[in-house]
file model_26.pdb (PDB, C-alpha atoms and all ligand atoms)
ATOM      1  CA  MET A 996     -22.357  77.429  37.939  1.00  0.00           C
ATOM      2  CA  VAL A 997     -19.436  75.047  37.836  1.00  0.00           C
ATOM      3  CA  SER A 998     -16.971  75.958  40.532  1.00  0.00           C
ATOM      4  CA  GLU A 999     -13.475  75.070  41.652  1.00  0.00           C
ATOM      5  CA  GLN A1000     -14.974  74.580  45.119  1.00  0.00           C
ATOM      6  CA  VAL A1001     -16.728  71.328  44.149  1.00  0.00           C
ATOM      7  CA  LYS A1002     -13.539  69.975  42.598  1.00  0.00           C
ATOM      8  CA  LYS A1003     -11.463  67.379  44.412  1.00  0.00           C
ATOM      9  CA  GLY A1004     -10.316  65.101  41.595  1.00  0.00           C
ATOM     10  CA  LYS A1005      -8.116  65.918  38.611  1.00  0.00           C
ATOM     11  CA  PHE A1006      -9.205  66.889  35.126  1.00  0.00           C
ATOM     12  CA  ILE A1007      -6.863  65.734  32.357  1.00  0.00           C
ATOM     13  CA  THR A1008      -7.530  66.340  28.671  1.00  0.00           C
ATOM     14  CA  LEU A1009      -5.994  64.953  25.496  1.00  0.00           C
ATOM     15  CA  GLU A1010      -5.713  67.099  22.385  1.00  0.00           C
ATOM     16  CA  GLY A1011      -4.198  67.038  18.917  1.00  0.00           C
ATOM     17  CA  MET A1012      -5.045  67.023  15.234  1.00  0.00           C
ATOM     18  CA  ASP A1013      -6.919  64.090  13.787  1.00  0.00           C
ATOM     19  CA  GLY A1014      -4.310  61.447  13.016  1.00  0.00           C
ATOM     20  CA  ALA A1015      -1.952  62.519  15.834  1.00  0.00           C
ATOM     21  CA  GLY A1016      -2.575  59.171  17.538  1.00  0.00           C
ATOM     22  CA  LYS A1017      -3.846  60.401  20.927  1.00  0.00           C
ATOM     23  CA  SER A1018      -6.674  57.852  21.230  1.00  0.00           C
ATOM     24  CA  THR A1019      -4.190  54.934  21.070  1.00  0.00           C
ATOM     25  CA  HIS A1020      -2.790  56.031  24.425  1.00  0.00           C
ATOM     26  CA  ILE A1021      -6.045  56.317  26.370  1.00  0.00           C
ATOM     27  CA  PRO A1022      -6.060  52.723  27.743  1.00  0.00           C
ATOM     28  CA  ILE A1023      -2.438  53.131  28.864  1.00  0.00           C
ATOM     29  CA  ILE A1024      -3.181  56.385  30.701  1.00  0.00           C
ATOM     30  CA  VAL A1025      -6.258  54.845  32.356  1.00  0.00           C
ATOM     31  CA  GLU A1026      -4.139  51.907  33.507  1.00  0.00           C
ATOM     32  CA  LEU A1027      -1.405  54.176  34.893  1.00  0.00           C
ATOM     33  CA  LEU A1028      -3.892  56.251  36.871  1.00  0.00           C
ATOM     34  CA  GLU A1029      -5.901  53.275  38.120  1.00  0.00           C
ATOM     35  CA  ALA A1030      -2.671  51.767  39.428  1.00  0.00           C
ATOM     36  CA  ARG A1031      -2.722  54.605  41.988  1.00  0.00           C
ATOM     37  CA  GLY A1032      -5.992  53.259  43.351  1.00  0.00           C
ATOM     38  CA  VAL A1033      -8.060  56.228  42.174  1.00  0.00           C
ATOM     39  CA  GLU A1034     -11.319  56.121  40.223  1.00  0.00           C
ATOM     40  CA  VAL A1035     -10.783  57.065  36.574  1.00  0.00           C
ATOM     41  CA  VAL A1036     -13.579  58.298  34.312  1.00  0.00           C
ATOM     42  CA  SER A1037     -12.586  58.090  30.663  1.00  0.00           C
ATOM     43  CA  THR A1038     -14.788  60.150  28.390  1.00  0.00           C
ATOM     44  CA  ARG A1039     -14.752  62.186  25.176  1.00  0.00           C
ATOM     45  CA  GLU A1040     -15.956  65.302  23.386  1.00  0.00           C
ATOM     46  CA  PRO A1041     -18.066  65.951  21.551  1.00  0.00           C
ATOM     47  CA  GLY A1042     -20.030  63.277  23.396  1.00  0.00           C
ATOM     48  CA  GLY A1043     -19.740  61.656  26.794  1.00  0.00           C
ATOM     49  CA  THR A1044     -23.502  61.700  27.455  1.00  0.00           C
ATOM     50  CA  LEU A1045     -26.494  60.281  25.584  1.00  0.00           C
ATOM     51  CA  LEU A1046     -27.457  63.703  24.216  1.00  0.00           C
ATOM     52  CA  GLY A1047     -23.814  64.618  23.632  1.00  0.00           C
ATOM     53  CA  GLU A1048     -23.310  61.520  21.480  1.00  0.00           C
ATOM     54  CA  GLN A1049     -26.381  62.468  19.416  1.00  0.00           C
ATOM     55  CA  LEU A1050     -24.945  65.949  18.943  1.00  0.00           C
ATOM     56  CA  ARG A1051     -21.604  64.334  18.012  1.00  0.00           C
ATOM     57  CA  ALA A1052     -23.267  62.447  15.154  1.00  0.00           C
ATOM     58  CA  LEU A1053     -24.613  65.753  13.789  1.00  0.00           C
ATOM     59  CA  LEU A1054     -21.346  67.614  14.359  1.00  0.00           C
ATOM     60  CA  LEU A1055     -19.160  65.037  12.627  1.00  0.00           C
ATOM     61  CA  HIS A1056     -21.360  64.498   9.592  1.00  0.00           C
ATOM     62  CA  GLU A1057     -23.550  67.550   8.872  1.00  0.00           C
ATOM     63  CA  THR A1058     -22.323  70.697   7.170  1.00  0.00           C
ATOM     64  CA  MET A1059     -23.125  73.793   9.249  1.00  0.00           C
ATOM     65  CA  HIS A1060     -21.986  77.359   9.925  1.00  0.00           C
ATOM     66  CA  PRO A1061     -18.834  77.416  12.102  1.00  0.00           C
ATOM     67  CA  GLU A1062     -20.713  79.364  14.794  1.00  0.00           C
ATOM     68  CA  THR A1063     -23.524  76.774  14.816  1.00  0.00           C
ATOM     69  CA  GLU A1064     -20.796  74.174  15.239  1.00  0.00           C
ATOM     70  CA  THR A1065     -19.326  76.153  18.154  1.00  0.00           C
ATOM     71  CA  LEU A1066     -22.706  76.489  19.873  1.00  0.00           C
ATOM     72  CA  LEU A1067     -23.462  72.775  19.489  1.00  0.00           C
ATOM     73  CA  MET A1068     -20.001  71.874  20.844  1.00  0.00           C
ATOM     74  CA  PHE A1069     -20.735  73.956  23.932  1.00  0.00           C
ATOM     75  CA  ALA A1070     -24.276  72.559  24.253  1.00  0.00           C
ATOM     76  CA  ALA A1071     -22.805  69.046  24.321  1.00  0.00           C
ATOM     77  CA  ARG A1072     -20.119  70.299  26.737  1.00  0.00           C
ATOM     78  CA  ARG A1073     -22.724  71.710  29.148  1.00  0.00           C
ATOM     79  CA  GLU A1074     -24.390  68.279  29.362  1.00  0.00           C
ATOM     80  CA  HIS A1075     -21.026  66.607  29.735  1.00  0.00           C
ATOM     81  CA  ILE A1076     -19.920  68.879  32.572  1.00  0.00           C
ATOM     82  CA  ALA A1077     -23.221  68.656  34.448  1.00  0.00           C
ATOM     83  CA  ASN A1078     -23.722  64.910  34.123  1.00  0.00           C
ATOM     84  CA  VAL A1079     -20.230  63.436  33.960  1.00  0.00           C
ATOM     85  CA  ILE A1080     -17.276  65.737  34.636  1.00  0.00           C
ATOM     86  CA  GLU A1081     -18.468  67.734  37.609  1.00  0.00           C
ATOM     87  CA  PRO A1082     -19.942  64.805  39.594  1.00  0.00           C
ATOM     88  CA  ALA A1083     -16.812  62.727  38.964  1.00  0.00           C
ATOM     89  CA  LEU A1084     -14.455  65.502  40.082  1.00  0.00           C
ATOM     90  CA  ALA A1085     -16.622  66.162  43.142  1.00  0.00           C
ATOM     91  CA  ARG A1086     -16.231  62.556  44.287  1.00  0.00           C
ATOM     92  CA  GLY A1087     -12.474  62.741  43.801  1.00  0.00           C
ATOM     93  CA  ALA A1088     -12.143  60.861  40.508  1.00  0.00           C
ATOM     94  CA  TYR A1089      -9.607  61.539  37.778  1.00  0.00           C
ATOM     95  CA  VAL A1090     -11.457  62.582  34.619  1.00  0.00           C
ATOM     96  CA  LEU A1091      -9.658  61.837  31.360  1.00  0.00           C
ATOM     97  CA  SER A1092     -11.367  63.538  28.427  1.00  0.00           C
ATOM     98  CA  ASP A1093     -10.435  62.860  24.812  1.00  0.00           C
ATOM     99  CA  ARG A1094     -10.707  66.558  23.783  1.00  0.00           C
ATOM    100  CA  PHE A1095     -12.273  69.577  25.507  1.00  0.00           C
ATOM    101  CA  THR A1096     -12.444  73.344  24.919  1.00  0.00           C
ATOM    102  CA  ASP A1097      -8.921  73.667  23.482  1.00  0.00           C
ATOM    103  CA  ALA A1098     -10.317  71.739  20.495  1.00  0.00           C
ATOM    104  CA  THR A1099     -12.919  74.482  20.016  1.00  0.00           C
ATOM    105  CA  TYR A1100     -10.161  77.118  20.076  1.00  0.00           C
ATOM    106  CA  ALA A1101      -8.126  75.077  17.571  1.00  0.00           C
ATOM    107  CA  TYR A1102     -10.838  73.857  15.162  1.00  0.00           C
ATOM    108  CA  GLN A1103     -13.620  76.446  15.270  1.00  0.00           C
ATOM    109  CA  CYS A1104     -11.430  79.495  16.007  1.00  0.00           C
ATOM    110  CA  GLY A1105      -7.981  78.669  14.597  1.00  0.00           C
ATOM    111  CA  ALA A1106      -9.023  76.712  11.537  1.00  0.00           C
ATOM    112  CA  LYS A1107     -12.556  77.989  10.838  1.00  0.00           C
ATOM    113  CA  GLY A1108     -12.295  81.629  11.913  1.00  0.00           C
ATOM    114  CA  VAL A1109     -14.828  81.932  14.745  1.00  0.00           C
ATOM    115  CA  LEU A1110     -13.770  84.971  16.781  1.00  0.00           C
ATOM    116  CA  PRO A1111     -11.898  84.029  19.952  1.00  0.00           C
ATOM    117  CA  HIS A1112     -13.870  86.380  22.203  1.00  0.00           C
ATOM    118  CA  LYS A1113     -17.086  84.534  21.260  1.00  0.00           C
ATOM    119  CA  ILE A1114     -15.548  81.235  22.323  1.00  0.00           C
ATOM    120  CA  LYS A1115     -14.235  82.812  25.507  1.00  0.00           C
ATOM    121  CA  GLN A1116     -17.731  84.061  26.357  1.00  0.00           C
ATOM    122  CA  LEU A1117     -19.165  80.576  25.932  1.00  0.00           C
ATOM    123  CA  GLU A1118     -16.273  79.071  27.895  1.00  0.00           C
ATOM    124  CA  THR A1119     -16.985  81.367  30.849  1.00  0.00           C
ATOM    125  CA  TRP A1120     -20.736  80.811  30.647  1.00  0.00           C
ATOM    126  CA  VAL A1121     -20.639  77.032  30.298  1.00  0.00           C
ATOM    127  CA  GLN A1122     -17.599  76.192  32.427  1.00  0.00           C
ATOM    128  CA  GLY A1123     -17.433  78.862  35.132  1.00  0.00           C
ATOM    129  CA  ASP A1124     -13.871  78.443  36.357  1.00  0.00           C
ATOM    130  CA  LEU A1125     -13.563  74.770  35.372  1.00  0.00           C
ATOM    131  CA  ARG A1126     -10.372  74.305  33.327  1.00  0.00           C
ATOM    132  CA  PRO A1127      -8.206  71.219  32.762  1.00  0.00           C
ATOM    133  CA  ASP A1128      -5.497  70.610  35.369  1.00  0.00           C
ATOM    134  CA  ALA A1129      -3.315  69.180  32.618  1.00  0.00           C
ATOM    135  CA  THR A1130      -3.529  68.817  28.844  1.00  0.00           C
ATOM    136  CA  LEU A1131      -1.448  66.408  26.785  1.00  0.00           C
ATOM    137  CA  LEU A1132      -1.079  67.801  23.264  1.00  0.00           C
ATOM    138  CA  PHE A1133      -0.109  65.103  20.760  1.00  0.00           C
ATOM    139  CA  ASP A1134       1.797  66.969  18.081  1.00  0.00           C
ATOM    140  CA  VAL A1135       2.781  65.691  14.626  1.00  0.00           C
ATOM    141  CA  PRO A1136       3.649  67.470  11.367  1.00  0.00           C
ATOM    142  CA  VAL A1137       0.652  67.899   9.068  1.00  0.00           C
ATOM    143  CA  GLU A1138       2.006  65.456   6.414  1.00  0.00           C
ATOM    144  CA  ILE A1139       2.207  62.690   9.011  1.00  0.00           C
ATOM    145  CA  SER A1140      -1.285  63.343  10.260  1.00  0.00           C
ATOM    146  CA  LEU A1141      -2.673  63.280   6.691  1.00  0.00           C
ATOM    147  CA  GLN A1142      -0.734  60.088   5.873  1.00  0.00           C
ATOM    148  CA  ARG A1143      -2.122  58.338   8.951  1.00  0.00           C
ATOM    149  CA  LEU A1144      -5.666  59.445   8.139  1.00  0.00           C
ATOM    150  CA  ALA A1145      -5.371  58.242   4.527  1.00  0.00           C
ATOM    151  CA  SER A1146      -4.788  54.705   5.731  1.00  0.00           C
ATOM    152  CA  ALA A1147      -7.476  54.810   8.437  1.00  0.00           C
ATOM    153  CA  ARG A1148     -11.244  54.198   8.496  1.00  0.00           C
ATOM    154  CA  GLU A1149     -13.849  56.181   6.520  1.00  0.00           C
ATOM    155  CA  PRO A1150     -13.074  59.869   7.314  1.00  0.00           C
ATOM    156  CA  ASP A1151     -15.578  62.160   9.048  1.00  0.00           C
ATOM    157  CA  LYS A1152     -16.198  65.806   8.064  1.00  0.00           C
ATOM    158  CA  PHE A1153     -13.149  67.143   9.932  1.00  0.00           C
ATOM    159  CA  GLU A1154     -10.826  64.400   8.714  1.00  0.00           C
ATOM    160  CA  ARG A1155     -11.661  65.288   5.081  1.00  0.00           C
ATOM    161  CA  GLU A1156     -10.296  68.842   5.435  1.00  0.00           C
ATOM    162  CA  ASN A1157      -7.196  69.872   3.412  1.00  0.00           C
ATOM    163  CA  ALA A1158      -3.563  70.429   4.431  1.00  0.00           C
ATOM    164  CA  GLN A1159      -4.083  74.183   4.831  1.00  0.00           C
ATOM    165  CA  PHE A1160      -6.848  73.550   7.379  1.00  0.00           C
ATOM    166  CA  PHE A1161      -4.614  71.106   9.257  1.00  0.00           C
ATOM    167  CA  GLU A1162      -1.711  73.574   9.290  1.00  0.00           C
ATOM    168  CA  LYS A1163      -3.950  76.259  10.847  1.00  0.00           C
ATOM    169  CA  LEU A1164      -5.136  73.688  13.337  1.00  0.00           C
ATOM    170  CA  ARG A1165      -1.633  72.690  14.360  1.00  0.00           C
ATOM    171  CA  GLN A1166      -0.520  76.310  14.755  1.00  0.00           C
ATOM    172  CA  ALA A1167      -3.625  77.102  16.832  1.00  0.00           C
ATOM    173  CA  TYR A1168      -2.909  74.180  19.153  1.00  0.00           C
ATOM    174  CA  LEU A1169       0.761  75.173  19.533  1.00  0.00           C
ATOM    175  CA  LEU A1170      -0.302  78.746  20.316  1.00  0.00           C
ATOM    176  CA  ARG A1171      -2.749  77.516  22.981  1.00  0.00           C
ATOM    177  CA  ALA A1172       0.085  75.447  24.451  1.00  0.00           C
ATOM    178  CA  ALA A1173       2.465  78.434  24.486  1.00  0.00           C
ATOM    179  CA  GLU A1174      -0.146  80.664  26.134  1.00  0.00           C
ATOM    180  CA  ASN A1175      -1.045  78.039  28.734  1.00  0.00           C
ATOM    181  CA  SER A1176       2.312  76.428  29.343  1.00  0.00           C
ATOM    182  CA  HIS A1177       1.453  75.699  33.009  1.00  0.00           C
ATOM    183  CA  ILE A1178      -1.285  73.295  31.806  1.00  0.00           C
ATOM    184  CA  PHE A1179       0.022  71.932  28.484  1.00  0.00           C
ATOM    185  CA  HIS A1180       2.495  69.102  27.943  1.00  0.00           C
ATOM    186  CA  ILE A1181       3.474  68.774  24.292  1.00  0.00           C
ATOM    187  CA  ILE A1182       4.091  65.166  23.269  1.00  0.00           C
ATOM    188  CA  ASP A1183       6.162  64.661  20.121  1.00  0.00           C
ATOM    189  CA  ALA A1184       3.946  62.011  18.529  1.00  0.00           C
ATOM    190  CA  ASN A1185       5.992  61.745  15.332  1.00  0.00           C
ATOM    191  CA  GLN A1186       7.714  58.549  16.465  1.00  0.00           C
ATOM    192  CA  SER A1187       6.913  54.928  17.212  1.00  0.00           C
ATOM    193  CA  ILE A1188       3.989  54.126  19.522  1.00  0.00           C
ATOM    194  CA  ASP A1189       6.432  52.657  22.054  1.00  0.00           C
ATOM    195  CA  LYS A1190       8.488  55.839  22.185  1.00  0.00           C
ATOM    196  CA  VAL A1191       5.366  57.995  22.517  1.00  0.00           C
ATOM    197  CA  LYS A1192       4.192  55.680  25.285  1.00  0.00           C
ATOM    198  CA  VAL A1193       7.385  56.434  27.250  1.00  0.00           C
ATOM    199  CA  LEU A1194       6.789  60.195  26.921  1.00  0.00           C
ATOM    200  CA  VAL A1195       3.153  59.807  27.990  1.00  0.00           C
ATOM    201  CA  LYS A1196       4.208  57.789  31.063  1.00  0.00           C
ATOM    202  CA  GLU A1197       6.719  60.484  32.029  1.00  0.00           C
ATOM    203  CA  VAL A1198       4.048  63.199  31.891  1.00  0.00           C
ATOM    204  CA  ILE A1199       1.426  61.165  33.747  1.00  0.00           C
ATOM    205  CA  ALA A1200       3.953  60.467  36.510  1.00  0.00           C
ATOM    206  CA  THR A1201       4.106  64.224  37.189  1.00  0.00           C
ATOM    207  CA  LEU A1202       0.319  64.632  37.579  1.00  0.00           C
TER     208      LEU A1202
HETATM  209  P1  LIG A1301     -12.164  62.738  17.619  1.00  0.00           P
HETATM  210  O1  LIG A1301     -12.078  62.271  16.199  1.00  0.00           O
HETATM  211  O2  LIG A1301     -10.849  63.028  18.224  1.00  0.00           O
HETATM  212  O3  LIG A1301     -13.060  61.893  18.472  1.00  0.00           O
HETATM  213  O4  LIG A1301     -12.874  64.197  17.594  1.00  0.00           O
HETATM  214  C1  LIG A1301     -14.003  64.459  16.883  1.00  0.00           C
HETATM  215  C2  LIG A1301     -13.836  65.630  15.963  1.00  0.00           C
HETATM  216  O5  LIG A1301     -14.484  66.766  16.520  1.00  0.00           O
HETATM  217  C3  LIG A1301     -12.399  66.019  15.683  1.00  0.00           C
HETATM  218  O6  LIG A1301     -12.229  66.094  14.280  1.00  0.00           O
HETATM  219  C4  LIG A1301     -12.272  67.385  16.286  1.00  0.00           C
HETATM  220  C5  LIG A1301     -13.679  67.918  16.344  1.00  0.00           C
HETATM  221  N1  LIG A1301     -13.930  68.850  17.459  1.00  0.00           N
HETATM  222  C6  LIG A1301     -14.090  70.198  17.163  1.00  0.00           C
HETATM  223  O7  LIG A1301     -14.030  70.596  16.001  1.00  0.00           O
HETATM  224  N2  LIG A1301     -14.326  71.064  18.201  1.00  0.00           N
HETATM  225  C7  LIG A1301     -14.423  70.666  19.504  1.00  0.00           C
HETATM  226  O8  LIG A1301     -14.642  71.487  20.400  1.00  0.00           O
HETATM  227  C8  LIG A1301     -14.253  69.247  19.779  1.00  0.00           C
HETATM  228  C9  LIG A1301     -14.358  68.775  21.189  1.00  0.00           C
HETATM  229  C10 LIG A1301     -14.003  68.388  18.722  1.00  0.00           C
END

call {"tool": "encode", "arguments": {"input": "model_26.pdb", "output": "structure tokens"}}
result
Amino acid sequence: MVSEQVKKGKFITLEGMDGAGKSTHIPIIVELLEARGVEVVSTREPGGTLLGEQLRALLLHETMHPETETLLMFAARREHIANVIEPALARGAYVLSDRFTDATYAYQCGAKGVLPHKIKQLETWVQGDLRPDATLLFDVPVEISLQRLASAREPDKFERENAQFFEKLRQAYLLRAAENSHIFHIIDANQSIDKVKVLVKEVIATL
């Protein structure tokens, strides 16, 4: 079982709707943390391991029941924790994950209706007491997110969802942030990349 006792490093996660622009800031965050002389492991979900990346390909492109999707997310997460996150934290590294379990609460529960207690059960089973130390939530209005996606690469299954889905998603993320305000930092990502970069730097400086 994953335990706080093995943890020495810091676990930072990035969240937000598709199109919120979080991935743009990953190299900057890595650079800021590495400047402290610590090891930084930059990873993502679903994915982060060989098997996890194979599950990601299924998750992003195959239609499936929302509960199947939830179970596969947690299967990929179990691999990720065992092979990447836990060993890195145990040796004192900073782990920066592009999404984690808050995405399951937002997408599968908030937007697709999987019951929260089912996700909580899986969270406890798969993670033990492992939770992010800090989560940066990149928040933009739904119209902005949809506009950005329309001009981006070929959309995956999630990126093809409608505005109603995205609105549920945004509200679910904001609710998670309100309920876990000691972990979440909401970044107003509805502004220029340079301005968002300043906000990101301010948050990282506090971690
Ligand atoms: P990405 O595009 O940010 O790499 O994320 C991949 C997609 O997977 C994104 O649309 C959100 C979705 N996702 C979930 O639905 N549930 C989850 O638990 C995770 C980690 C991602």

call {"tool": "resolve_selection", "arguments": {"input": "model_26.pdb", "expression": "the PyMOL selection byres (((chain A and resi 1036-1047) around 8) and not hetatm)", "output": "list of chain:residue names"}}
result
A:Val1025, A:Glu1034, A:Val1035, A:Glu1048, A:Gln1049, A:Leu1050, A:Arg1051, A:Met1068, A:Ala1070, A:Ala1071, A:Arg1072, A:Glu1074, A:His1075, A:Asn1078, A:Val1079, A:Ala1083, A:Ala1088, A:Tyr1089, A:Val1090, A:Leu1091, A:Ser1092, A:Asp1093, A:Arg1094, A:Phe1095

call {"tool": "residues_near_ligand", "arguments": {"input": "model_26.pdb", "ligand": "ligand LIG 1301 (chain A)", "cutoff": "8 Å", "atoms": "all atoms listed in the file", "output": "MDAnalysis selection string"}}
result
chainID A and resid 1010:1013 1017:1018 1039:1041 1051 1054:1055 1064:1065 1068:1069 1093:1103 1151:1154

call {"tool": "closest_residue", "arguments": {"input": "model_26.pdb", "among": "A:Ser1146, A:Ser1187, A:Thr1201, A:Thr1130", "to": "A:Tyr1168", "atoms": "all atoms listed in the file"}}
result
A:Thr1130

call {"tool": "resolve_selection", "arguments": {"input": "model_26.pdb", "expression": "the PyMOL selection byres (((chain A and resi 1118-1122) around 10) and not hetatm)", "output": "list of chain:residue names"}}
result
A:Met996, A:Val997, A:Ser998, A:Phe1069, A:Ala1070, A:Arg1072, A:Arg1073, A:Glu1074, A:Ile1076, A:Ala1077, A:Glu1081, A:Thr1096, A:Thr1099, A:His1112, A:Lys1113, A:Ile1114, A:Lys1115, A:Gln1116, A:Leu1117, A:Gly1123, A:Asp1124, A:Leu1125, A:Arg1126

call {"tool": "closest_residue", "arguments": {"input": "model_26.pdb", "among": "A:Thr1058, A:Leu1067, A:Leu1144, A:Val1033", "to": "A:Gly1087", "atoms": "all atoms listed in the file"}}
result
A:Val1033

call {"tool": "atom_distance", "arguments": {"input": "model_26.pdb", "atom1": "atom CA of A:His1056", "atom2": "atom CA of A:Glu1156"}}
result
12.6 Å

call {"tool": "resolve_selection", "arguments": {"input": "model_26.pdb", "expression": "the PyMOL selection byres (((chain A and resi 1183) around 12) and not hetatm)", "output": "PDB file with C-alpha atoms, in the coordinates of the input"}}
result
ATOM      1  CA  GLY A1011      -4.198  67.038  18.917  1.00  0.00           C
ATOM      2  CA  ALA A1015      -1.952  62.519  15.834  1.00  0.00           C
ATOM      3  CA  GLY A1016      -2.575  59.171  17.538  1.00  0.00           C
ATOM      4  CA  LYS A1017      -3.846  60.401  20.927  1.00  0.00           C
ATOM      5  CA  LEU A1131      -1.448  66.408  26.785  1.00  0.00           C
ATOM      6  CA  LEU A1132      -1.079  67.801  23.264  1.00  0.00           C
ATOM      7  CA  PHE A1133      -0.109  65.103  20.760  1.00  0.00           C
ATOM      8  CA  ASP A1134       1.797  66.969  18.081  1.00  0.00           C
ATOM      9  CA  VAL A1135       2.781  65.691  14.626  1.00  0.00           C
ATOM     10  CA  PRO A1136       3.649  67.470  11.367  1.00  0.00           C
ATOM     11  CA  ILE A1139       2.207  62.690   9.011  1.00  0.00           C
ATOM     12  CA  LEU A1169       0.761  75.173  19.533  1.00  0.00           C
ATOM     13  CA  HIS A1180       2.495  69.102  27.943  1.00  0.00           C
ATOM     14  CA  ILE A1181       3.474  68.774  24.292  1.00  0.00           C
ATOM     15  CA  ILE A1182       4.091  65.166  23.269  1.00  0.00           C
ATOM     16  CA  ALA A1184       3.946  62.011  18.529  1.00  0.00           C
ATOM     17  CA  ASN A1185       5.992  61.745  15.332  1.00  0.00           C
ATOM     18  CA  GLN A1186       7.714  58.549  16.465  1.00  0.00           C
ATOM     19  CA  SER A1187       6.913  54.928  17.212  1.00  0.00           C
ATOM     20  CA  ILE A1188       3.989  54.126  19.522  1.00  0.00           C
ATOM     21  CA  LYS A1190       8.488  55.839  22.185  1.00  0.00           C
ATOM     22  CA  VAL A1191       5.366  57.995  22.517  1.00  0.00           C
ATOM     23  CA  LYS A1192       4.192  55.680  25.285  1.00  0.00           C
ATOM     24  CA  VAL A1193       7.385  56.434  27.250  1.00  0.00           C
ATOM     25  CA  LEU A1194       6.789  60.195  26.921  1.00  0.00           C
ATOM     26  CA  VAL A1195       3.153  59.807  27.990  1.00  0.00           C
TER      27      VAL A1195
END

call {"tool": "atom_distance", "arguments": {"input": "model_26.pdb", "atom1": "atom CA of A:Pro1127", "atom2": "atom CA of A:Thr1008"}}
result
6.4 Å

call {"tool": "residues_around", "arguments": {"input": "model_26.pdb", "residues": "A:Val1137", "least_positions_apart": "3", "cutoff": "9 Å", "atoms": "only C-alpha atoms", "output": "compact mmCIF listing (two decimals) with C-alpha atoms, in the coordinates of the input"}}
result
# COMPACT_ATOMS: atom_id res chain seq x y z
CA MET A 1012 -5.04 67.02 15.23
CA SER A 1140 -1.28 63.34 10.26
CA LEU A 1141 -2.67 63.28 6.69
CA GLN A 1142 -0.73 60.09 5.87
CA ALA A 1158 -3.56 70.43 4.43
CA GLN A 1159 -4.08 74.18 4.83
CA PHE A 1161 -4.61 71.11 9.26
CA GLU A 1162 -1.71 73.57 9.29
CA ARG A 1165 -1.63 72.69 14.36
